[in-house]
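See structure below.
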2 protein chains.
Amino acid sequence: MSAPTEIEKKFLVIECPALDDFKAEVVRQGYITSGEDSIEVRVRQKGQGYYITVKSKGTLARSEYETAIELAQFETLWPATEGRRLEKTRYTGALPGGAAVELDIFEGHLAGLQLVEVEFSSVEEAKAFKAPSWFGADVTEDKRYKNSALSVADQLPT
Amino acid sequence: MSAPTEIEKKFLVIECPALDDFKAEVVRQGYITSGEDSIEVRVRQKGQGYYITVKSKGTLARSEYETAIELAQFETLWPATEGRRLEKTRYTGALPGGAAVELDIFEGHLAGLQLVEVEFSSVEEAKAFKAPSWFGADVTEDKRYKNSALSVADQLPT
């Protein structure tokens with residue numbers, strides 16, 4: 001299964017808003033491959049679901065393959081990700097204007113980090129986006145905030 | 001699940017013996033990662049069973065993780081192995097002396113290659129082994145005959 005193209009922006013969070021209307025779920029993910037490898041293989045828990053995802057790292061024609069796995073399969077492969085993991089609670093909801101957002105509150109070695117991603121349906125919509133005042137810096141292009149980089153970070157990016 | 005330590009020797013086959021008493025099954029395997037990556041991730045069909053296996057490549061304390069997967073999961077991940085695959089029929093049986101052997105007859109880009117592996121229960125047994133006359137060169141230490149190398153070989157090793 002190939003993933004659809006996503007148009008997203010990622011921001012730091014200055015002050016976390018009230019999340020009463022958001023859906024919360026645990027996200028745990030670990031990388032089986034290392035950051036230097038040509039292929040990224042990730043296992044992930046998202047709420048009650050478990051997945052394995054393969055991404056090629058080419059800049060042209062990146063391929064992605066993902067399949068749901070059983071808890072027992074996840075538990076067999078999870079030890080292979082030691083030292084390359086992250087855990088967060090993901091809050092899914094919408095901004096007042098209707099844009100879908102995912103707010104991640106990280107735990108463990110990344111405690112204190114909060115990131116918010118906004119999804120857009122077109123490039124035009126992304127360009128026209130006015131961030132709410134609780135949004136911090138736009139880190140969409142900052143590789144240090146990629147999940148794969150955060151998973152092996154010694155400390156939070158500064 | 002960690003794999004037990006295996007003591008094996010691998011040989012070319014000069015002349016394939018009668019295989020009437022051997023069990024035959026299709027083995028198809030492909031590598032999700034490339035040969036230069038630090039981790040090997042393999043998906044495999046063995047008869048009616050499907051598996052994903054992760055091996056670290058360190059020389060010390062190599063770890064291995066393997067779990068059975070469903071056919072649908074295999075079929076989702078298989079396209080990620082394009083260009084790094086091999087197919088063979090594996091014949092499993094025993095030598096007259098009782099040693100367990102696996103004789104692989106390769107297909108596709110490796111057609112013409114036959115390899116036989118003997119499993120031993122101790123290092124002493126392996127050292128004392130006298131190969132039958134139909135065995136060819138001992139290629140146990142020849143990296144060109146590793147499955148991962150054969151999967152990407154342009155032609156048969158000579």
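Letters A, B, ... mark the chains of the structure tokens in the order given; residue numbers begin at 1 per chain; ligand numbers begin at 1, in order shown.
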Exercise: Asp21 of chain A partners within 9 Å, only C-alpha atoms, chain neighbours under 4 positions left out, as a VMD selection string: chain A and resid 92 to 94
Give me, as a ChimeraX atom specification, the contact residues of chain A against chain B at a cut-off of 9 Å, counting only C-alpha atoms. /A:1,32-34,36-41,53-56,63-70,72-74,76-77,79-80
Generate a file of the selected residues that holds C-alpha atoms, formatted as an mmCIF file, in the first residue's frame.
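As written to disk, result.cif reads:
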```cif
data_model
loop_
_atom_site.group_PDB
_atom_site.id
_atom_site.type_symbol
_atom_site.label_atom_id
_atom_site.label_comp_id
_atom_site.auth_asym_id
_atom_site.auth_seq_id
_atom_site.Cartn_x
_atom_site.Cartn_y
_atom_site.Cartn_z
ATOM 1 C CA MET A 1 0.000 0.000 0.000
ATOM 2 C CA ILE A 32 14.640 -1.343 13.201
ATOM 3 C CA THR A 33 17.144 0.227 10.832
ATOM 4 C CA SER A 34 19.635 2.924 11.789
ATOM 5 C CA GLU A 36 22.538 5.770 8.093
ATOM 6 C CA ASP A 37 20.805 2.847 6.385
ATOM 7 C CA SER A 38 19.301 3.293 2.918
ATOM 8 C CA ILE A 39 15.919 1.945 4.012
ATOM 9 C CA GLU A 40 13.798 2.906 7.010
ATOM 10 C CA VAL A 41 11.902 0.087 8.717
ATOM 11 C CA THR A 53 6.317 0.430 7.672
ATOM 12 C CA VAL A 54 9.105 0.333 5.108
ATOM 13 C CA LYS A 55 10.252 3.571 3.489
ATOM 14 C CA SER A 56 12.931 3.940 0.882
ATOM 15 C CA SER A 63 8.248 4.187 -1.871
ATOM 16 C CA GLU A 64 6.313 3.284 1.252
ATOM 17 C CA TYR A 65 4.904 -0.079 2.282
ATOM 18 C CA GLU A 66 2.845 -0.546 5.414
ATOM 19 C CA THR A 67 0.895 -3.397 6.908
ATOM 20 C CA ALA A 68 -0.961 -3.863 10.173
ATOM 21 C CA ILE A 69 0.605 -6.441 12.472
ATOM 22 C CA GLU A 70 -0.593 -8.321 15.524
ATOM 23 C CA ALA A 72 2.500 -10.578 19.300
ATOM 24 C CA GLN A 73 4.372 -9.698 16.097
ATOM 25 C CA PHE A 74 4.973 -6.174 17.388
ATOM 26 C CA THR A 76 8.723 -9.865 18.790
ATOM 27 C CA LEU A 77 10.132 -7.059 16.646
ATOM 28 C CA PRO A 79 13.363 -5.408 20.951
ATOM 29 C CA ALA A 80 15.129 -4.893 17.591
#
```
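The interatomic distance for the pair atom CA of Val152 of chain A and atom CA of Ala100 of chain A works out to 28.1 Å.
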Atomic distance atom CA of Val101 of chain A - atom CA of Phe120 of chain A, expressed in Å with one decimal: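 About the pair atom CA of Val101 of chain A and atom CA of Phe120 of chain A: they are 9.5 Å apart.
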Please, which residues of segment 57-87 of chain A, numbered as in this document, come out strand (DSSP E or B) from DSSP, as a list in words?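 Those residues are Glu64, Tyr65, Glu66, Thr67, Ala68, Ile69, Arg85, Leu86 and Glu87 of chain A.
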So, counting only C-alpha atoms, which residue among B:Lys9, B:Thr81, B:Gly49, B:Gln29 is closest to Ala128 of chain B?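 Using only C-alpha atoms, Ala128 of chain B sits closest to B:Lys9.
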For atom CA of Leu113 of chain B and atom CA of Ser133 of chain B, the interatomic separation in Å (one decimal):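 Taking atom CA of Leu113 of chain B and atom CA of Ser133 of chain B, their separation equals 17.7 Å.
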Using DSSP on the backbone, list every residue of segment 73-151 of chain B that comes out as helix (DSSP H, G or I), and give them as a list in words. Gln73, Phe74, Glu75, Thr76, Leu77, Trp78, Pro79, Ala80, Thr81, Gly108, His109, Leu110, Val123, Glu124, Glu125, Ala126, Lys127, Ala128, Lys143, Arg144, Tyr145, Asn147, Ser148, Ala149, Leu150 and Ser151 of chain B
Would you export the selected residues with C-alpha atoms as a PDB file, in the first residue's frame, please?
```pdb
ATOM      1  CA  GLN B  73       1.394  -9.123   5.175  1.00  0.00           C
ATOM      2  CA  PHE B  74       4.004 -10.923   3.090  1.00  0.00           C
ATOM      3  CA  GLU B  75       2.382  -9.680  -0.098  1.00  0.00           C
ATOM      4  CA  THR B  76       2.376  -6.093   1.173  1.00  0.00           C
ATOM      5  CA  LEU B  77       6.073  -6.167   2.063  1.00  0.00           C
ATOM      6  CA  TRP B  78       7.344  -8.308  -0.842  1.00  0.00           C
ATOM      7  CA  PRO B  79       7.383  -5.386  -3.367  1.00  0.00           C
ATOM      8  CA  ALA B  80       9.874  -3.629  -1.041  1.00  0.00           C
ATOM      9  CA  THR B  81      12.414  -6.354  -1.891  1.00  0.00           C
ATOM     10  CA  GLY B 108      15.386 -17.487 -11.751  1.00  0.00           C
ATOM     11  CA  HIS B 109      18.611 -15.477 -12.108  1.00  0.00           C
ATOM     12  CA  LEU B 110      20.405 -18.199 -10.105  1.00  0.00           C
ATOM     13  CA  VAL B 123      31.979 -28.308  16.571  1.00  0.00           C
ATOM     14  CA  GLU B 124      33.681 -31.701  16.943  1.00  0.00           C
ATOM     15  CA  GLU B 125      31.104 -33.342  14.719  1.00  0.00           C
ATOM     16  CA  ALA B 126      31.578 -30.626  12.111  1.00  0.00           C
ATOM     17  CA  LYS B 127      35.352 -31.086  12.109  1.00  0.00           C
ATOM     18  CA  ALA B 128      35.078 -34.869  11.778  1.00  0.00           C
ATOM     19  CA  LYS B 143      30.586 -14.630   1.191  1.00  0.00           C
ATOM     20  CA  ARG B 144      29.505 -14.812  -2.459  1.00  0.00           C
ATOM     21  CA  TYR B 145      27.325 -17.796  -1.545  1.00  0.00           C
ATOM     22  CA  ASN B 147      21.791 -15.747   0.357  1.00  0.00           C
ATOM     23  CA  SER B 148      21.915 -11.972   0.733  1.00  0.00           C
ATOM     24  CA  ALA B 149      24.804 -11.786  -1.791  1.00  0.00           C
ATOM     25  CA  LEU B 150      23.188 -14.255  -4.193  1.00  0.00           C
ATOM     26  CA  SER B 151      19.961 -12.253  -4.144  1.00  0.00           C
TER      27      SER B 151
END
```
Applying 6 Å and only C-alpha atoms, which residues near Arg44 of chain A remain after dropping the ones on its own chain fewer than 5 positions away? List them as a PDB file with C-alpha atoms, in the first residue's frame.
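part12.pdb written:
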```
ATOM      1  CA  ARG A  28       5.106   4.274  20.405  1.00  0.00           C
ATOM      2  CA  GLN A  29       7.458   3.806  17.532  1.00  0.00           C
ATOM      3  CA  TYR A  50       0.228  -2.057  15.415  1.00  0.00           C
ATOM      4  CA  TYR A  51       2.055  -1.521  12.149  1.00  0.00           C
TER       5      TYR A  51
END
```
